[in-house]
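Containing PDB, C-alpha atoms: final_6.pdb.
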ATOM      1  CA  MET C1445     -18.182  71.769  43.453  1.00  0.00           C
ATOM      2  CA  ILE C1446     -16.854  69.658  40.615  1.00  0.00           C
ATOM      3  CA  ASP C1447     -15.449  66.133  40.865  1.00  0.00           C
ATOM      4  CA  ILE C1448     -13.111  65.424  37.938  1.00  0.00           C
ATOM      5  CA  HIS C1449     -12.341  61.738  38.651  1.00  0.00           C
ATOM      6  CA  SER C1450     -14.992  59.087  39.235  1.00  0.00           C
ATOM      7  CA  HIS C1451     -15.942  55.537  38.354  1.00  0.00           C
ATOM      8  CA  ILE C1452     -19.733  55.643  38.418  1.00  0.00           C
ATOM      9  CA  ILE C1453     -20.803  54.191  35.067  1.00  0.00           C
ATOM     10  CA  PHE C1454     -22.142  50.718  35.752  1.00  0.00           C
ATOM     11  CA  ASP C1455     -20.681  47.474  34.420  1.00  0.00           C
ATOM     12  CA  VAL C1456     -17.739  48.906  32.457  1.00  0.00           C
ATOM     13  CA  ASP C1457     -14.777  48.640  34.840  1.00  0.00           C
ATOM     14  CA  ASP C1458     -14.083  48.100  38.550  1.00  0.00           C
ATOM     15  CA  GLY C1459     -16.787  50.556  39.522  1.00  0.00           C
ATOM     16  CA  PRO C1460     -20.467  49.717  40.202  1.00  0.00           C
ATOM     17  CA  LYS C1461     -21.992  46.693  38.502  1.00  0.00           C
ATOM     18  CA  SER C1462     -25.625  47.778  38.372  1.00  0.00           C
ATOM     19  CA  LEU C1463     -27.654  50.816  37.339  1.00  0.00           C
ATOM     20  CA  GLU C1464     -29.161  50.906  40.814  1.00  0.00           C
ATOM     21  CA  ASP C1465     -25.714  51.215  42.413  1.00  0.00           C
ATOM     22  CA  SER C1466     -24.760  53.993  39.997  1.00  0.00           C
ATOM     23  CA  ILE C1467     -27.891  55.946  40.909  1.00  0.00           C
ATOM     24  CA  LYS C1468     -27.134  55.544  44.619  1.00  0.00           C
ATOM     25  CA  MET C1469     -23.672  56.937  43.995  1.00  0.00           C
ATOM     26  CA  LEU C1470     -25.058  59.930  42.121  1.00  0.00           C
ATOM     27  CA  ILE C1471     -27.417  60.654  44.990  1.00  0.00           C
ATOM     28  CA  GLN C1472     -24.502  60.432  47.429  1.00  0.00           C
ATOM     29  CA  ALA C1473     -22.515  62.857  45.276  1.00  0.00           C
ATOM     30  CA  THR C1474     -25.075  65.577  45.938  1.00  0.00           C
ATOM     31  CA  THR C1475     -24.828  65.056  49.704  1.00  0.00           C
ATOM     32  CA  GLU C1476     -21.082  65.669  49.357  1.00  0.00           C
ATOM     33  CA  GLY C1477     -21.816  69.076  47.827  1.00  0.00           C
ATOM     34  CA  ILE C1478     -20.865  67.978  44.316  1.00  0.00           C
ATOM     35  CA  THR C1479     -22.821  69.756  41.582  1.00  0.00           C
ATOM     36  CA  GLU C1480     -20.959  68.483  38.506  1.00  0.00           C
ATOM     37  CA  ILE C1481     -19.070  65.256  37.969  1.00  0.00           C
ATOM     38  CA  ILE C1482     -16.886  63.829  35.221  1.00  0.00           C
ATOM     39  CA  PHE C1483     -17.215  60.112  34.583  1.00  0.00           C
ATOM     40  CA  THR C1484     -13.719  58.722  34.036  1.00  0.00           C
ATOM     41  CA  SER C1485     -14.061  55.003  33.393  1.00  0.00           C
ATOM     42  CA  HIS C1486     -10.842  53.118  32.694  1.00  0.00           C
ATOM     43  CA  ALA C1487      -9.589  53.074  29.110  1.00  0.00           C
ATOM     44  CA  PHE C1488      -6.809  50.818  27.793  1.00  0.00           C
ATOM     45  CA  HIS C1489      -6.178  49.474  31.286  1.00  0.00           C
ATOM     46  CA  PRO C1490      -4.742  45.914  31.373  1.00  0.00           C
ATOM     47  CA  TYR C1491      -8.019  44.629  32.829  1.00  0.00           C
ATOM     48  CA  TYR C1492     -10.643  47.210  31.821  1.00  0.00           C
ATOM     49  CA  HIS C1493     -11.555  49.225  28.776  1.00  0.00           C
ATOM     50  CA  ALA C1494     -14.766  51.218  28.557  1.00  0.00           C
ATOM     51  CA  ALA C1495     -15.268  51.869  24.850  1.00  0.00           C
ATOM     52  CA  VAL C1496     -16.482  55.328  23.872  1.00  0.00           C
ATOM     53  CA  GLU C1497     -19.701  53.891  22.416  1.00  0.00           C
ATOM     54  CA  THR C1498     -20.481  52.073  25.673  1.00  0.00           C
ATOM     55  CA  VAL C1499     -19.755  55.158  27.743  1.00  0.00           C
ATOM     56  CA  MET C1500     -22.097  57.246  25.570  1.00  0.00           C
ATOM     57  CA  GLU C1501     -24.796  54.620  25.863  1.00  0.00           C
ATOM     58  CA  ARG C1502     -24.523  54.367  29.651  1.00  0.00           C
ATOM     59  CA  ILE C1503     -24.461  58.113  30.285  1.00  0.00           C
ATOM     60  CA  SER C1504     -27.733  58.435  28.408  1.00  0.00           C
ATOM     61  CA  VAL C1505     -29.265  55.874  30.772  1.00  0.00           C
ATOM     62  CA  LEU C1506     -27.830  57.641  33.822  1.00  0.00           C
ATOM     63  CA  GLN C1507     -29.013  61.035  32.606  1.00  0.00           C
ATOM     64  CA  HIS C1508     -32.521  59.591  32.402  1.00  0.00           C
ATOM     65  CA  GLY C1509     -32.046  58.257  35.941  1.00  0.00           C
ATOM     66  CA  LEU C1510     -31.156  61.749  37.175  1.00  0.00           C
ATOM     67  CA  GLU C1511     -34.380  63.092  35.752  1.00  0.00           C
ATOM     68  CA  ILE C1512     -36.524  60.307  37.229  1.00  0.00           C
ATOM     69  CA  HIS C1513     -35.010  60.693  40.702  1.00  0.00           C
ATOM     70  CA  ASP C1514     -34.759  64.494  40.460  1.00  0.00           C
ATOM     71  CA  ILE C1515     -31.022  64.495  41.252  1.00  0.00           C
ATOM     72  CA  PRO C1516     -29.482  67.987  40.821  1.00  0.00           C
ATOM     73  CA  LEU C1517     -26.237  66.948  39.164  1.00  0.00           C
ATOM     74  CA  LYS C1518     -24.593  67.757  35.859  1.00  0.00           C
ATOM     75  CA  LEU C1519     -22.767  64.889  34.150  1.00  0.00           C
ATOM     76  CA  HIS C1520     -19.702  65.037  31.906  1.00  0.00           C
ATOM     77  CA  LEU C1521     -17.802  62.397  29.966  1.00  0.00           C
ATOM     78  CA  GLY C1522     -14.164  61.442  30.229  1.00  0.00           C
ATOM     79  CA  HIS C1523     -11.752  58.549  30.570  1.00  0.00           C
ATOM     80  CA  GLU C1524      -8.949  57.599  32.902  1.00  0.00           C
ATOM     81  CA  VAL C1525      -6.496  56.518  30.238  1.00  0.00           C
ATOM     82  CA  ARG C1526      -3.699  54.083  31.088  1.00  0.00           C
ATOM     83  CA  ILE C1527      -0.473  55.272  29.539  1.00  0.00           C
ATOM     84  CA  ASN C1528       0.568  53.245  26.533  1.00  0.00           C
ATOM     85  CA  GLU C1529       2.726  53.709  23.446  1.00  0.00           C
ATOM     86  CA  HIS C1530      -0.270  54.313  21.159  1.00  0.00           C
ATOM     87  CA  ILE C1531      -2.008  56.984  23.223  1.00  0.00           C
ATOM     88  CA  CYS C1532      -1.464  59.800  20.709  1.00  0.00           C
ATOM     89  CA  GLU C1533      -3.064  57.717  17.967  1.00  0.00           C
ATOM     90  CA  GLN C1534      -5.941  56.904  20.329  1.00  0.00           C
ATOM     91  CA  ILE C1535      -6.484  60.615  20.946  1.00  0.00           C
ATOM     92  CA  VAL C1536      -6.523  61.362  17.214  1.00  0.00           C
ATOM     93  CA  GLU C1537      -8.906  58.523  16.349  1.00  0.00           C
ATOM     94  CA  GLY C1538     -11.239  59.448  19.217  1.00  0.00           C
ATOM     95  CA  SER C1539     -11.010  56.163  21.108  1.00  0.00           C
ATOM     96  CA  VAL C1540     -10.223  58.031  24.335  1.00  0.00           C
ATOM     97  CA  LEU C1541     -12.231  60.830  25.878  1.00  0.00           C
ATOM     98  CA  THR C1542     -10.729  63.982  27.330  1.00  0.00           C
ATOM     99  CA  LEU C1543     -12.258  65.489  30.473  1.00  0.00           C
ATOM    100  CA  ALA C1544     -15.600  67.112  29.632  1.00  0.00           C
ATOM    101  CA  ASN C1545     -14.513  67.482  25.992  1.00  0.00           C
ATOM    102  CA  SER C1546     -11.690  69.791  27.061  1.00  0.00           C
ATOM    103  CA  LYS C1547      -7.980  69.787  26.247  1.00  0.00           C
ATOM    104  CA  TYR C1548      -7.299  67.984  29.546  1.00  0.00           C
ATOM    105  CA  LEU C1549      -6.726  64.216  29.612  1.00  0.00           C
ATOM    106  CA  LEU C1550      -6.689  62.143  32.808  1.00  0.00           C
ATOM    107  CA  LEU C1551      -3.625  59.922  32.509  1.00  0.00           C
ATOM    108  CA  GLU C1552      -2.999  56.890  34.701  1.00  0.00           C
ATOM    109  CA  LEU C1553       0.443  55.416  35.341  1.00  0.00           C
ATOM    110  CA  PRO C1554       0.889  51.864  36.635  1.00  0.00           C
ATOM    111  CA  SER C1555       1.023  51.921  40.438  1.00  0.00           C
ATOM    112  CA  SER C1556       4.327  50.042  40.377  1.00  0.00           C
ATOM    113  CA  GLY C1557       6.287  52.927  38.888  1.00  0.00           C
ATOM    114  CA  VAL C1558       6.870  55.433  36.098  1.00  0.00           C
ATOM    115  CA  PRO C1559       7.593  53.681  32.764  1.00  0.00           C
ATOM    116  CA  LEU C1560      10.693  54.975  30.990  1.00  0.00           C
ATOM    117  CA  TYR C1561       8.665  56.117  27.981  1.00  0.00           C
ATOM    118  CA  THR C1562       6.348  58.272  30.158  1.00  0.00           C
ATOM    119  CA  PHE C1563       8.417  61.398  29.581  1.00  0.00           C
ATOM    120  CA  GLU C1564       8.436  60.895  25.810  1.00  0.00           C
ATOM    121  CA  MET C1565       4.683  60.254  25.777  1.00  0.00           C
ATOM    122  CA  VAL C1566       3.955  63.364  27.848  1.00  0.00           C
ATOM    123  CA  ASN C1567       6.019  65.386  25.363  1.00  0.00           C
ATOM    124  CA  ARG C1568       4.061  63.906  22.461  1.00  0.00           C
ATOM    125  CA  ILE C1569       0.691  64.477  24.121  1.00  0.00           C
ATOM    126  CA  VAL C1570       1.537  68.096  24.938  1.00  0.00           C
ATOM    127  CA  ALA C1571       2.675  68.591  21.321  1.00  0.00           C
ATOM    128  CA  LYS C1572      -0.906  67.769  20.295  1.00  0.00           C
ATOM    129  CA  ASN C1573      -2.164  70.613  22.519  1.00  0.00           C
ATOM    130  CA  ILE C1574      -3.547  68.128  25.036  1.00  0.00           C
ATOM    131  CA  VAL C1575      -2.651  68.541  28.718  1.00  0.00           C
ATOM    132  CA  PRO C1576      -2.144  65.246  30.562  1.00  0.00           C
ATOM    133  CA  ILE C1577      -3.226  65.205  34.206  1.00  0.00           C
ATOM    134  CA  ILE C1578      -1.421  62.474  36.146  1.00  0.00           C
ATOM    135  CA  ALA C1579      -3.989  60.649  38.279  1.00  0.00           C
ATOM    136  CA  HIS C1580      -3.237  59.943  41.960  1.00  0.00           C
ATOM    137  CA  PRO C1581       0.592  60.317  41.858  1.00  0.00           C
ATOM    138  CA  GLU C1582       0.662  59.801  45.624  1.00  0.00           C
ATOM    139  CA  ARG C1583      -0.100  56.111  45.031  1.00  0.00           C
ATOM    140  CA  ASN C1584       2.655  55.587  42.445  1.00  0.00           C
ATOM    141  CA  LYS C1585       5.692  53.750  43.835  1.00  0.00           C
ATOM    142  CA  GLY C1586       8.118  55.409  41.438  1.00  0.00           C
ATOM    143  CA  ILE C1587       6.953  58.895  42.414  1.00  0.00           C
ATOM    144  CA  VAL C1588       6.983  58.066  46.126  1.00  0.00           C
ATOM    145  CA  GLU C1589      10.596  56.905  45.813  1.00  0.00           C
ATOM    146  CA  LYS C1590      11.647  59.829  43.611  1.00  0.00           C
ATOM    147  CA  PRO C1591       9.076  62.663  43.662  1.00  0.00           C
ATOM    148  CA  GLU C1592      11.323  64.674  41.365  1.00  0.00           C
ATOM    149  CA  ARG C1593       9.946  62.428  38.602  1.00  0.00           C
ATOM    150  CA  LEU C1594       6.581  64.119  39.032  1.00  0.00           C
ATOM    151  CA  GLU C1595       8.258  67.515  39.028  1.00  0.00           C
ATOM    152  CA  GLN C1596       9.977  66.631  35.740  1.00  0.00           C
ATOM    153  CA  LEU C1597       6.646  65.617  34.192  1.00  0.00           C
ATOM    154  CA  ILE C1598       5.063  68.869  35.344  1.00  0.00           C
ATOM    155  CA  ARG C1599       7.889  70.892  33.849  1.00  0.00           C
ATOM    156  CA  LEU C1600       7.224  69.081  30.565  1.00  0.00           C
ATOM    157  CA  GLY C1601       3.640  70.350  30.642  1.00  0.00           C
ATOM    158  CA  ALA C1602       1.749  67.721  32.648  1.00  0.00           C
ATOM    159  CA  LEU C1603      -0.408  68.399  35.713  1.00  0.00           C
ATOM    160  CA  SER C1604      -1.461  66.129  38.572  1.00  0.00           C
ATOM    161  CA  GLN C1605      -4.594  65.183  40.507  1.00  0.00           C
ATOM    162  CA  ILE C1606      -4.767  64.198  44.163  1.00  0.00           C
ATOM    163  CA  THR C1607      -7.422  61.799  45.497  1.00  0.00           C
ATOM    164  CA  ALA C1608      -9.723  62.665  48.395  1.00  0.00           C
ATOM    165  CA  GLY C1609      -9.292  59.260  50.006  1.00  0.00           C
ATOM    166  CA  SER C1610      -5.516  59.676  50.049  1.00  0.00           C
ATOM    167  CA  VAL C1611      -5.837  62.997  51.857  1.00  0.00           C
ATOM    168  CA  VAL C1612      -7.947  61.511  54.664  1.00  0.00           C
ATOM    169  CA  GLY C1613      -5.836  58.377  55.056  1.00  0.00           C
ATOM    170  CA  GLN C1614      -8.058  55.785  53.367  1.00  0.00           C
ATOM    171  CA  PHE C1615      -5.019  54.156  51.734  1.00  0.00           C
ATOM    172  CA  GLY C1616      -2.857  54.314  54.867  1.00  0.00           C
ATOM    173  CA  ARG C1617      -0.687  56.875  56.590  1.00  0.00           C
ATOM    174  CA  ALA C1618       2.203  56.549  54.137  1.00  0.00           C
ATOM    175  CA  VAL C1619       0.029  57.475  51.141  1.00  0.00           C
ATOM    176  CA  GLN C1620      -1.589  60.259  53.168  1.00  0.00           C
ATOM    177  CA  ARG C1621       1.812  61.704  54.059  1.00  0.00           C
ATOM    178  CA  THR C1622       2.929  61.552  50.434  1.00  0.00           C
ATOM    179  CA  ALA C1623      -0.281  63.263  49.290  1.00  0.00           C
ATOM    180  CA  LEU C1624       0.195  66.136  51.709  1.00  0.00           C
ATOM    181  CA  ASP C1625       3.879  66.468  50.881  1.00  0.00           C
ATOM    182  CA  LEU C1626       3.147  66.636  47.150  1.00  0.00           C
ATOM    183  CA  ILE C1627       0.551  69.314  47.827  1.00  0.00           C
ATOM    184  CA  ASP C1628       2.991  71.317  49.932  1.00  0.00           C
ATOM    185  CA  ALA C1629       5.594  71.078  47.164  1.00  0.00           C
ATOM    186  CA  ASN C1630       3.148  72.664  44.662  1.00  0.00           C
ATOM    187  CA  LEU C1631       3.112  69.443  42.634  1.00  0.00           C
ATOM    188  CA  VAL C1632      -0.675  68.983  42.699  1.00  0.00           C
ATOM    189  CA  HIS C1633      -3.175  71.013  40.682  1.00  0.00           C
ATOM    190  CA  THR C1634      -6.569  69.289  40.803  1.00  0.00           C
ATOM    191  CA  TYR C1635      -8.683  67.192  43.165  1.00  0.00           C
ATOM    192  CA  GLY C1636     -11.041  64.270  42.649  1.00  0.00           C
ATOM    193  CA  SER C1637     -12.778  61.493  44.535  1.00  0.00           C
ATOM    194  CA  ASP C1638     -11.777  58.495  42.378  1.00  0.00           C
ATOM    195  CA  VAL C1639     -14.955  56.948  43.776  1.00  0.00           C
ATOM    196  CA  HIS C1640     -15.637  53.325  42.806  1.00  0.00           C
ATOM    197  CA  ASN C1641     -18.443  52.353  45.185  1.00  0.00           C
ATOM    198  CA  LEU C1642     -20.076  53.446  48.433  1.00  0.00           C
ATOM    199  CA  GLN C1643     -18.493  50.778  50.618  1.00  0.00           C
ATOM    200  CA  THR C1644     -14.737  50.358  50.125  1.00  0.00           C
ATOM    201  CA  ARG C1645     -14.015  53.263  47.724  1.00  0.00           C
ATOM    202  CA  PRO C1646     -16.500  56.034  48.601  1.00  0.00           C
ATOM    203  CA  PHE C1647     -16.368  59.706  47.606  1.00  0.00           C
ATOM    204  CA  LEU C1648     -14.823  61.250  50.748  1.00  0.00           C
ATOM    205  CA  PHE C1649     -14.850  64.427  48.645  1.00  0.00           C
ATOM    206  CA  GLU C1650     -16.093  66.824  51.321  1.00  0.00           C
ATOM    207  CA  GLN C1651     -14.145  65.032  54.051  1.00  0.00           C
ATOM    208  CA  GLY C1652     -10.904  65.513  52.150  1.00  0.00           C
ATOM    209  CA  LEU C1653     -11.520  69.224  51.677  1.00  0.00           C
ATOM    210  CA  ASN C1654     -12.399  69.595  55.361  1.00  0.00           C
ATOM    211  CA  TYR C1655      -9.171  67.826  56.294  1.00  0.00           C
ATOM    212  CA  LEU C1656      -7.130  70.270  54.231  1.00  0.00           C
ATOM    213  CA  GLU C1657      -9.005  73.188  55.814  1.00  0.00           C
ATOM    214  CA  LYS C1658      -8.323  71.929  59.336  1.00  0.00           C
ATOM    215  CA  HIS C1659      -4.657  71.278  58.608  1.00  0.00           C
ATOM    216  CA  LYS C1660      -3.795  74.773  57.439  1.00  0.00           C
ATOM    217  CA  ARG C1661      -4.137  74.142  53.718  1.00  0.00           C
ATOM    218  CA  SER C1662      -7.309  76.122  53.032  1.00  0.00           C
ATOM    219  CA  ASP C1663      -5.608  78.005  50.192  1.00  0.00           C
ATOM    220  CA  PHE C1664      -5.175  74.697  48.374  1.00  0.00           C
ATOM    221  CA  VAL C1665      -8.885  73.932  48.761  1.00  0.00           C
ATOM    222  CA  ASP C1666      -9.753  77.083  46.818  1.00  0.00           C
ATOM    223  CA  PHE C1667      -6.927  76.394  44.361  1.00  0.00           C
ATOM    224  CA  PHE C1668      -8.083  72.856  43.568  1.00  0.00           C
ATOM    225  CA  LEU C1669     -11.762  73.719  43.260  1.00  0.00           C
ATOM    226  CA  GLU C1670     -11.029  76.666  40.988  1.00  0.00           C
ATOM    227  CA  ASN C1671      -8.832  74.520  38.753  1.00  0.00           C
ATOM    228  CA  ASN C1672     -11.552  71.855  38.577  1.00  0.00           C
ATOM    229  CA  LYS C1673     -13.886  74.572  37.289  1.00  0.00           C
ATOM    230  CA  ARG C1674     -11.324  75.589  34.710  1.00  0.00           C
ATOM    231  CA  ILE C1675     -11.157  72.043  33.376  1.00  0.00           C
ATOM    232  CA  ILE C1676     -14.909  72.064  32.769  1.00  0.00           C
ATOM    233  CA  ALA C1677     -14.635  75.500  31.165  1.00  0.00           C
ATOM    234  CA  ASP C1678     -11.625  74.334  29.083  1.00  0.00           C
ATOM    235  CA  THR C1679      -9.547  77.315  30.190  1.00  0.00           C
ATOM    236  CA  GLU C1680      -5.993  77.540  31.492  1.00  0.00           C
ATOM    237  CA  ILE C1681      -5.338  75.928  34.859  1.00  0.00           C
ATOM    238  CA  THR C1682      -3.321  77.858  37.422  1.00  0.00           C
ATOM    239  CA  VAL C1683       0.069  76.239  38.030  1.00  0.00           C
ATOM    240  CA  LEU C1684       2.241  77.146  41.006  1.00  0.00           C
ATOM    241  CA  GLU C1685       6.029  77.030  40.759  1.00  0.00           C
ATOM    242  CA  PRO C1686       7.134  73.636  42.115  1.00  0.00           C
ATOM    243  CA  ILE C1687       9.327  73.621  45.177  1.00  0.00           C
ATOM    244  CA  ASN C1688      12.365  71.641  44.051  1.00  0.00           C
ATOM    245  CA  ALA C1689      11.442  68.146  45.213  1.00  0.00           C
ATOM    246  CA  GLU C1690      14.998  66.847  45.018  1.00  0.00           C
ATOM    247  CA  LYS C1691      16.149  69.341  47.631  1.00  0.00           C
ATOM    248  CA  LYS C1692      13.335  68.747  50.120  1.00  0.00           C
ATOM    249  CA  LYS C1693      14.728  66.720  52.995  1.00  0.00           C
ATOM    250  CA  TRP C1694      11.381  65.231  53.933  1.00  0.00           C
ATOM    251  CA  TRP C1695      11.354  63.012  50.815  1.00  0.00           C
ATOM    252  CA  ASN C1696      14.445  61.131  51.988  1.00  0.00           C
ATOM    253  CA  ILE C1697      13.191  61.029  55.557  1.00  0.00           C
ATOM    254  CA  PHE C1698       9.843  59.634  54.437  1.00  0.00           C
ATOM    255  CA  VAL C1699      11.159  57.061  51.976  1.00  0.00           C
ATOM    256  CA  ASN C1700      13.735  55.715  54.426  1.00  0.00           C
ATOM    257  CA  LYS C1701      11.242  55.151  57.248  1.00  0.00           C
TER     258      LYS C1701
END
When written as structure tokens, how does the structure in this file appear?
Amino acid sequence: MIDIHSHIIFDVDDGPKSLEDSIKMLIQATTEGITEIIFTSHAFHPYYHAAVETVMERISVLQHGLEIHDIPLKLHLGHEVRINEHICEQIVEGSVLTLANSKYLLLELPSSGVPLYTFEMVNRIVAKNIVPIIAHPERNKGIVEKPERLEQLIRLGALSQITAGSVVGQFGRAVQRTALDLIDANLVHTYGSDVHNLQTRPFLFEQGLNYLEKHKRSDFVDFFLENNKRIIADTEITVLEPINAEKKKWWNIFVNK
């Protein structure tokens, strides 16, 4: 299984601070059934920015750690890029990393909402033959209030990624409900752990998949895992036709609770 969203590189963002902690996380990844993982440290975030050179340097150290500890895991580079008005220039100049050197870019929106220029930026990114994947939309206030915003972004050519912890309720029942509703509306395409540490932000990768299996969403498990493979392979992701979010009564019921 492939995890496309993780914060495992030490001392670059709000993930682990030491090499030892990073190694422990990599070991834990294998117990979750993960065989390949994309490192997606924050880039151009208001508080964190892992420069490409630093990321390259750290992954070399972690690759050596895998060999020393005989950890059966394949590592890939990437960034979780905070949306900003210069993102297209950053892509061109190579100051942001796509997922596993593919055409897919993990794009983070501020949790407080969807900036007005998001739609324009998605259009511009797609015009460069790069596919933005919106990270954890279930935790975005603007999308929770109006999920049709995510549908609009998807129809412009974006995709989205759900987080394992959201599925199992780590961020509360409201986020969990939103995550499941977005999945049911065919507005989610990929799955990742968004792991930051082993205490407060663990993988929960396998647990999330098991939850979906037990709650009659086993088809989505296969769908997500296959699309994660396609990101690594840099091939076309399968996209299901969205169920018109604006017409789904449960959005209004949920938001007004």
* **Residues selected by the PyMOL selection byres ((chain C and resi 1583-1598) around 10), written as number ranges by chain** => C: 1552-1559, 1562-1564, 1566-1567, 1576-1582, 1599-1604, 1606-1607, 1610, 1615, 1618-1620, 1622-1623, 1625-1626, 1629-1632, 1683, 1685-1692, 1695-1696, 1698-1700
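What separates atom CA of His1520 of chain C from atom CA of Tyr1492 of chain C is a distance of 20.0 Å.
Closest approach to Ile1482 of chain C from the set C:Met1500, C:Leu1463, C:Val1505, C:Leu1543 is made by C:Leu1543, with distances taken over all atoms listed in the file.
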* Kindly indicate which residue among C:Ser1539, C:Gln1614, C:Asn1573, C:Thr1679 lies nearest to Phe1649 of chain C, using all atoms listed in the file for the distances. => C:Gln1614
Any chance you could work out the axis-aligned box around segment 1451-1470 of chain C, listed atoms only, 5 Å on each side, giving centre and edge lengths in Å to one decimal, as AutoDock Vina command-line options?
--center_x -21.6 --center_y 53.3 --center_z 38.5 --size_x 25.1 --size_y 23.2 --size_z 22.2
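Residue membership of the PyMOL selection byres ((chain C and resi 1460) around 12) in the shown file amounts to Ser1450, His1451, Ile1452, Ile1453, Phe1454, Asp1455, Val1456, Asp1457, Asp1458, Gly1459, Lys1461, Ser1462, Leu1463, Glu1464, Asp1465, Ser1466, Ile1467, Lys1468, Met1469, Leu1470, Ser1485, Val1639, His1640, Asn1641, Leu1642, Gln1643, Thr1644, Arg1645 and Pro1646 of chain C.
Between atom CA of Asn1654 of chain C and atom CA of Glu1680 of chain C there is a distance of 26.0 Å.
Picture a line from atom CA of Leu1648 of chain C to atom CA of Ile1574 of chain C; it runs 28.9 Å.
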* **Test item: the PyMOL selection byres ((chain C and resi 1542) around 12) resolved as a PyMOL selection string** => chain C and resi 1448-1449+1482-1485+1487+1496+1520-1525+1531+1534-1536+1538-1541+1543-1551+1569+1573-1577+1675-1676+1678
* Asked: Which of these, C:Ala1677, C:Val1570, C:Ile1512, C:Leu1517, has the shortest distance to Cys1532 of chain C once you count all atoms listed in the file?
  -> C:Val1570
Give me, as a PDB file with C-alpha atoms, keeping the file's coordinate frame, all polymer residues having an atom no more than 10 Å from Gly1477 of chain C, counting all atoms listed in the file and skipping those fewer than 5 positions away in the same chain.
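out04.pdb written:
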ATOM      1  CA  MET C1445     -18.182  71.769  43.453  1.00  0.00           C
ATOM      2  CA  ILE C1446     -16.854  69.658  40.615  1.00  0.00           C
ATOM      3  CA  ASP C1447     -15.449  66.133  40.865  1.00  0.00           C
ATOM      4  CA  GLN C1472     -24.502  60.432  47.429  1.00  0.00           C
ATOM      5  CA  LEU C1517     -26.237  66.948  39.164  1.00  0.00           C
ATOM      6  CA  PHE C1649     -14.850  64.427  48.645  1.00  0.00           C
ATOM      7  CA  GLU C1650     -16.093  66.824  51.321  1.00  0.00           C
TER       8      GLU C1650
END
Please complete segment 1669-1680 of chain C so it has N, CA, C and O atoms, and hand it over as a compact mmCIF listing (two decimals), keeping the file's coordinate frame.
# COMPACT_ATOMS: atom_id res chain seq x y z
N LEU C 1669 -10.39 73.59 43.74
CA LEU C 1669 -11.76 73.72 43.26
C LEU C 1669 -11.85 74.68 42.08
O LEU C 1669 -12.63 74.46 41.14
N GLU C 1670 -11.04 75.72 42.11
CA GLU C 1670 -11.03 76.67 40.99
C GLU C 1670 -10.46 75.99 39.74
O GLU C 1670 -10.99 76.15 38.63
N ASN C 1671 -9.40 75.21 39.91
CA ASN C 1671 -8.83 74.52 38.75
C ASN C 1671 -9.78 73.47 38.19
O ASN C 1671 -9.84 73.26 36.97
N ASN C 1672 -10.54 72.80 39.06
CA ASN C 1672 -11.55 71.86 38.58
C ASN C 1672 -12.58 72.57 37.70
O ASN C 1672 -13.00 72.05 36.67
N LYS C 1673 -12.96 73.77 38.11
CA LYS C 1673 -13.89 74.57 37.29
C LYS C 1673 -13.27 74.90 35.93
O LYS C 1673 -13.95 74.91 34.91
N ARG C 1674 -11.99 75.20 35.95
CA ARG C 1674 -11.32 75.59 34.71
C ARG C 1674 -11.21 74.41 33.73
O ARG C 1674 -11.19 74.62 32.53
N ILE C 1675 -11.14 73.21 34.26
CA ILE C 1675 -11.16 72.04 33.38
C ILE C 1675 -12.49 71.97 32.64
O ILE C 1675 -12.53 71.79 31.42
N ILE C 1676 -13.57 72.10 33.38
CA ILE C 1676 -14.91 72.06 32.77
C ILE C 1676 -15.06 73.18 31.73
O ILE C 1676 -15.64 72.99 30.66
N ALA C 1677 -14.52 74.34 32.06
CA ALA C 1677 -14.64 75.50 31.16
C ALA C 1677 -13.61 75.44 30.02
O ALA C 1677 -13.66 76.27 29.10
N ASP C 1678 -12.68 74.49 30.09
CA ASP C 1678 -11.62 74.33 29.08
C ASP C 1678 -10.78 75.60 28.97
O ASP C 1678 -10.45 76.07 27.88
N THR C 1679 -10.43 76.15 30.14
CA THR C 1679 -9.55 77.32 30.19
C THR C 1679 -8.26 76.93 30.90
O THR C 1679 -8.12 75.82 31.41
N GLU C 1680 -7.31 77.85 30.92
CA GLU C 1680 -5.99 77.54 31.49
C GLU C 1680 -6.06 77.31 33.00
O GLU C 1680 -6.64 78.10 33.74
